[in-house]
There are 2 protein chains.
Amino acid sequence: MNTNTQTTRLYHTALSPFCRKVRLVLAEKRIEVELVEERYWENPPELRRRNPAGKLPVLRYRGNMLAESQAIVEYLDESVPQPPLMPQAPLERHEVRRLCSWFDDKFNAEVTSPILNERVWKKVTRAGYPDSRVVKDGLRAIKEHIDYLSSLLETRRWLAGANMSLADFTAAAHFSCLDYISDVDWDRSETLRDWYATIKSRPAFRSILADQVPGIHPAPHYAELDFG
Amino acid sequence: MNTNTQTTRLYHTALSPFCRKVRLVLAEKRIEVELVEERYWENPPELRRRNPAGKLPVLRYRGNMLAESQAIVEYLDESVPQPPLMPQAPLERHEVRRLCSWFDDKFNAEVTSPILNERVWKKVTRAGYPDSRVVKDGLRAIKEHIDYLSSLLETRRWLAGANMSLADFTAAAHFSCLDYISDVDWDRSETLRDWYATIKSRPAFRSILADQVPGIHPAPHYAELDFG
């Protein structure tokens with residue numbers, strides 16, 4: 001077997017919460033990875049060969065092609081046990097997965113996807129100007145989410161319970177994309193802001209904080225660990 | 001504790017692939033459940049109290065309220081081990097979860113959700129007439145999916161590998177909703193048709209085959225085990 005096929009490689013795009021989730025978990029597990037940026041909106045044929053669903057991220061790991069961000073991070077947690085990012089008890093595991101779905105489904109549909117579509121992807125793909133109503137709806141929706149997450153963090157150290165888990169990295173992946181374009185009102189909740197400052201200061205976050213999307217400058221506080 | 005809070009109860013709606021997935025897994029695990037039909041489109045306040053995401057299904061089980069279909073079925077598989085619906089090896093588990101996401105995300109967005117919206121939900125909620133273009137796009141998309149799944153089943157007994165898994169029940173949940181309104185062209189693939197006939201004949205399928213949505217009659221072959 002060609003040793004080259006053994007290099008861990010992530011096909012990704014910078015401001016995707018799904019790709020960032022996998023990057024964060026790879027880094028937390030200290031798995032070295034080669035990042036390959038894909039212009040997925042041009043629907044390159046290699047992408048569909050690597051993942052028949054035609055979506056990013058795709059992870060080449062130990063000679064296998066892995067797809068679907070949640071399936072990938074659960075696989076990584078099962079095959080690289082340290083540090084563990086899933087609790088042991090079924091009920092606690094349910095809570096982690098419930099919150100992962102909360103972000104990848106509900107939060108994404110109501111906040112991340114509409115805001116990034118309008119403010120980033122339309123610019124990157126030259127598909128026109130942002131629709132300010134869509135952005136406004138997203139910014140209205142994020143308030144309710146911040147309040148809900150703050151209420152969870154009133155009684156928990158991490159989002160899903162006493163320990164840091166896949167739920168925190170999933171949430172941080174979404175918030176970090178929005179934070180790049182300065183669309184998180186951190187003043188709304190000190191609790192949530194403290195949680196984000198803690199996870200953002202982990203070494204696993206470094207690669208994400210160094211991201212630069214051509215033509216779109218990060219917010220001044222984006223890479224600052226104390227929010228300036 | 002009130003014994004009543006210990007009754008297993010599923011808050012659901014009949015033609016939802018996400019609710020059906022949980023019903024199938026509950027039945028396969030032989031967990032008796034009381035079904036409570038919810039008119040979720042009226043956004044009842046109790047629903048948001050049970051699940052802050054405001055979505056179905058919600059499962060009350062052993063005194064806990066569980067939400068998000070994939071999180072629920074993984075919980076059920078972990079807490080009621082027989083019969084196992086997840087393989088042991090991380091790579092095989094990844095494949096099960098990849099296919100669950102394939103159906104709940106891609107297949108749902110391209111096929112189940114647009115077709116059911118136009119042909120069922122608009123009628124149930126009196127929101128107007130079906131848009132035939134949307135239905136046509138969905139029926140075009142399903143062909144590619146059928147071809148892909150057939151190609152998987154060429155070398156596998158079940159969708160994700162040698163054993164029946166959550167991937168088969170997730171897929172069957174989506175197909176059964178479409179089959180109710182006769183929108184699956186089973187003639188396109190004998191392989192897929194045989195797979196569906198096999199899973200449909202399991203006792204776990206009985207409750208779903210007895211579903212009746214007011215005002216929408218099931219296709220004549222819907223509940224027939226040999227497709228007539």
# chains A, B, ... in the order shown; residues from 1 in each chain; ligands from 1
>>> select_by_dssp(residues="region 2-227 of chain A", states="helix (DSSP H, G or I)", output="JSON, numbers by chain")
{"A": [3, 4, 5, 6, 17, 18, 19, 20, 21, 22, 23, 24, 25, 26, 27, 28, 40, 41, 42, 45, 46, 47, 48, 49, 50, 69, 70, 71, 72, 73, 74, 75, 76, 77, 78, 79, 90, 91, 92, 93, 94, 95, 96, 97, 98, 99, 100, 101, 102, 103, 104, 105, 106, 107, 108, 109, 110, 111, 112, 113, 114, 115, 116, 117, 118, 119, 120, 121, 122, 123, 124, 132, 133, 134, 135, 136, 137, 138, 139, 140, 141, 142, 143, 144, 145, 146, 147, 148, 149, 150, 151, 152, 153, 166, 167, 168, 169, 170, 171, 172, 173, 174, 175, 176, 177, 178, 179, 180, 186, 187, 188, 190, 191, 192, 193, 194, 195, 196, 197, 198, 199, 200, 203, 204, 205, 206, 207, 208, 209]}
>>> interface_residues(of="chain A", to="chain B", cutoff="7 Å", atoms="only C-alpha atoms", output="PyMOL selection string")
chain A and resi 67-68+71-72+75+78-79+90-91+94+97-98+101
>>> write_last_selection(atoms="C-alpha atoms", output="CSV table (one decimal), in the first residue's frame")
chain,number,residue,atom,x,y,z
A,67,ALA,CA,-18.2,11.4,5.6
A,68,GLU,CA,-20.9,13.1,7.6
A,71,ALA,CA,-20.5,10.1,12.1
A,72,ILE,CA,-16.8,11.1,11.7
A,75,TYR,CA,-15.8,7.4,14.9
A,78,GLU,CA,-14.4,5.5,19.5
A,79,SER,CA,-11.1,4.8,17.7
A,90,PRO,CA,-26.5,6.1,27.9
A,91,LEU,CA,-28.6,9.0,29.3
A,94,HIS,CA,-28.2,11.0,24.7
A,97,ARG,CA,-26.2,13.8,20.8
A,98,ARG,CA,-29.3,15.8,21.4
A,101,SER,CA,-28.4,17.7,16.6
>>> closest_residue(among="B:Val58, B:Pro114, B:Trp158, B:Ala219", to="Arg140 (chain B)", atoms="only C-alpha atoms")
B:Pro114
>>> residues_around(residues="Arg9 (chain A)", least_positions_apart="6", cutoff="8 Å", atoms="only C-alpha atoms", output="list in words")
Val33, Glu34, Leu35, Val36, Leu59, Arg60 and Tyr61 of chain A
>>> atom_distance(atom1="CA of Met65 (chain B)", atom2="CA of Val22 (chain B)")
13.6 Å
>>> select_by_dssp(residues="region 2-137 of chain A", states="strand (DSSP E)", output="JSON, numbers by chain")
{"A": [9, 10, 11, 12, 34, 35, 36, 37, 58, 59, 60, 61, 64, 65, 66, 67]}
>>> write_last_selection(atoms="N, CA and C atoms", output="PDB file, in the first residue's frame")
ATOM      1  N   ARG A   9      -6.020  13.223   5.901  1.00  0.00           N
ATOM      2  CA  ARG A   9      -6.283  14.405   5.101  1.00  0.00           C
ATOM      3  C   ARG A   9      -7.762  14.779   5.235  1.00  0.00           C
ATOM      4  N   LEU A  10      -8.001  16.073   5.495  1.00  0.00           N
ATOM      5  CA  LEU A  10      -9.389  16.530   5.589  1.00  0.00           C
ATOM      6  C   LEU A  10      -9.720  17.447   4.416  1.00  0.00           C
ATOM      7  N   TYR A  11     -10.675  17.049   3.615  1.00  0.00           N
ATOM      8  CA  TYR A  11     -11.205  17.897   2.555  1.00  0.00           C
ATOM      9  C   TYR A  11     -12.268  18.761   3.207  1.00  0.00           C
ATOM     10  N   HIS A  12     -12.083  20.083   3.130  1.00  0.00           N
ATOM     11  CA  HIS A  12     -12.938  20.959   3.928  1.00  0.00           C
ATOM     12  C   HIS A  12     -13.101  22.315   3.257  1.00  0.00           C
ATOM     13  N   GLU A  34      -3.637  16.901   7.233  1.00  0.00           N
ATOM     14  CA  GLU A  34      -3.352  17.803   6.127  1.00  0.00           C
ATOM     15  C   GLU A  34      -4.690  18.359   5.658  1.00  0.00           C
ATOM     16  N   LEU A  35      -4.805  19.682   5.640  1.00  0.00           N
ATOM     17  CA  LEU A  35      -6.081  20.290   5.236  1.00  0.00           C
ATOM     18  C   LEU A  35      -6.079  20.589   3.742  1.00  0.00           C
ATOM     19  N   VAL A  36      -7.113  20.169   3.056  1.00  0.00           N
ATOM     20  CA  VAL A  36      -7.252  20.475   1.630  1.00  0.00           C
ATOM     21  C   VAL A  36      -8.553  21.245   1.430  1.00  0.00           C
ATOM     22  N   GLU A  37      -8.403  22.514   1.045  1.00  0.00           N
ATOM     23  CA  GLU A  37      -9.585  23.359   0.860  1.00  0.00           C
ATOM     24  C   GLU A  37     -10.278  22.980  -0.455  1.00  0.00           C
ATOM     25  N   VAL A  58     -14.921  15.621   4.173  1.00  0.00           N
ATOM     26  CA  VAL A  58     -14.572  14.216   3.943  1.00  0.00           C
ATOM     27  C   VAL A  58     -13.205  14.014   4.585  1.00  0.00           C
ATOM     28  N   LEU A  59     -13.083  12.980   5.403  1.00  0.00           N
ATOM     29  CA  LEU A  59     -11.810  12.703   6.082  1.00  0.00           C
ATOM     30  C   LEU A  59     -11.201  11.416   5.547  1.00  0.00           C
ATOM     31  N   ARG A  60      -9.977  11.524   5.040  1.00  0.00           N
ATOM     32  CA  ARG A  60      -9.234  10.300   4.700  1.00  0.00           C
ATOM     33  C   ARG A  60      -8.411   9.937   5.922  1.00  0.00           C
ATOM     34  N   TYR A  61      -8.701   8.789   6.496  1.00  0.00           N
ATOM     35  CA  TYR A  61      -8.062   8.411   7.761  1.00  0.00           C
ATOM     36  C   TYR A  61      -7.789   6.907   7.765  1.00  0.00           C
ATOM     37  N   ASN A  64      -9.220   4.984   4.890  1.00  0.00           N
ATOM     38  CA  ASN A  64     -10.663   5.016   4.614  1.00  0.00           C
ATOM     39  C   ASN A  64     -11.151   6.434   4.357  1.00  0.00           C
ATOM     40  N   MET A  65     -12.206   6.542   3.558  1.00  0.00           N
ATOM     41  CA  MET A  65     -12.841   7.837   3.329  1.00  0.00           C
ATOM     42  C   MET A  65     -14.081   7.919   4.218  1.00  0.00           C
ATOM     43  N   LEU A  66     -14.081   8.896   5.117  1.00  0.00           N
ATOM     44  CA  LEU A  66     -15.193   9.017   6.067  1.00  0.00           C
ATOM     45  C   LEU A  66     -15.978  10.284   5.779  1.00  0.00           C
ATOM     46  N   ALA A  67     -17.307  10.197   5.881  1.00  0.00           N
ATOM     47  CA  ALA A  67     -18.155  11.353   5.591  1.00  0.00           C
ATOM     48  C   ALA A  67     -19.217  11.530   6.670  1.00  0.00           C
TER      49      ALA A  67
END
>>> residues_around(residues="Pro17 (chain A)", least_positions_apart="2", cutoff="8 Å", atoms="only C-alpha atoms", output="VMD selection string")
chain A and resid 15 19 to 21 170 173 to 174 176 to 177
>>> write_last_selection(atoms="N, CA, C and O atoms", output="compact mmCIF listing (two decimals), in the first residue's frame")
# COMPACT_ATOMS: atom_id res chain seq x y z
N LEU A 15 -15.14 28.27 6.42
CA LEU A 15 -16.21 28.72 7.31
C LEU A 15 -17.41 27.78 7.32
O LEU A 15 -18.55 28.21 7.31
N CYS A 19 -17.27 21.24 8.93
CA CYS A 19 -15.83 20.97 8.76
C CYS A 19 -15.06 21.37 10.01
O CYS A 19 -14.15 20.66 10.45
N ARG A 20 -15.44 22.49 10.61
CA ARG A 20 -14.74 22.95 11.82
C ARG A 20 -14.91 21.99 12.99
O ARG A 20 -14.00 21.78 13.79
N LYS A 21 -16.08 21.41 13.08
CA LYS A 21 -16.32 20.42 14.14
C LYS A 21 -15.32 19.27 14.03
O LYS A 21 -14.71 18.86 15.03
N THR A 170 -19.23 20.90 18.83
CA THR A 170 -20.22 21.18 17.79
C THR A 170 -20.71 22.62 17.93
O THR A 170 -20.77 23.38 16.96
N ALA A 173 -18.02 25.11 17.00
CA ALA A 173 -17.81 25.17 15.56
C ALA A 173 -18.78 26.17 14.92
O ALA A 173 -18.39 26.99 14.09
N HIS A 174 -20.04 26.12 15.35
CA HIS A 174 -21.03 27.06 14.81
C HIS A 174 -20.73 28.49 15.27
O HIS A 174 -20.69 29.42 14.47
N SER A 176 -18.00 29.82 16.23
CA SER A 176 -16.75 30.38 15.70
C SER A 176 -16.94 30.91 14.27
O SER A 176 -16.33 31.91 13.90
N CYS A 177 -17.80 30.25 13.47
CA CYS A 177 -18.08 30.76 12.11
C CYS A 177 -18.77 32.12 12.19
O CYS A 177 -18.46 33.05 11.44
>>> closest_atom_pairs(of="region 132-176 of chain B", to="region 188-195 of chain B", cutoff="8 Å", atoms="only C-alpha atoms", output="Markdown table")
| residue | atom | partner | partner_atom | distance |
| --- | --- | --- | --- | --- |
| B:Lys143 | CA | B:Arg188 | CA | 7.8 |
| B:Ile146 | CA | B:Ser189 | CA | 7.1 |
| B:Asp147 | CA | B:Ser189 | CA | 7.4 |
| B:Leu149 | CA | B:Leu192 | CA | 7.0 |
| B:Ser150 | CA | B:Leu192 | CA | 5.6 |
| B:Leu153 | CA | B:Thr191 | CA | 6.8 |
| B:Glu154 | CA | B:Thr191 | CA | 7.5 |
| B:Trp158 | CA | B:Trp195 | CA | 7.5 |
>>> closest_residue(among="B:His217, B:Asp168, B:Ala162, B:Gln6", to="Lys200 (chain B)", atoms="only C-alpha atoms")
B:Asp168
>>> residues_around(residues="Ile115 (chain B)", least_positions_apart="6", cutoff="10 Å", atoms="only C-alpha atoms", output="list of chain:residue names")
B:Asn108, B:Ala109, B:Trp121, B:Pro130, B:Asp131, B:Ser132, B:Val134, B:Val135, B:Lys136, B:Asp137, B:Gly138, B:Leu139, B:Cys177, B:Leu178, B:Ile181, B:Asp183
>>> atom_distance(atom1="CA of Pro81 (chain B)", atom2="CA of Asp104 (chain B)")
23.4 Å
>>> residues_around(residues="Ala127 (chain B)", least_positions_apart="4", cutoff="10 Å", atoms="only C-alpha atoms", output="PyMOL selection string")
chain B and resi 117-118+121-123
>>> closest_residue(among="B:Met164, B:Leu26, B:Ala141, B:Leu85", to="Asp185 (chain B)", atoms="only C-alpha atoms")
B:Ala141
>>> atom_distance(atom1="CA of Ala197 (chain B)", atom2="CA of Glu110 (chain B)")
23.5 Å
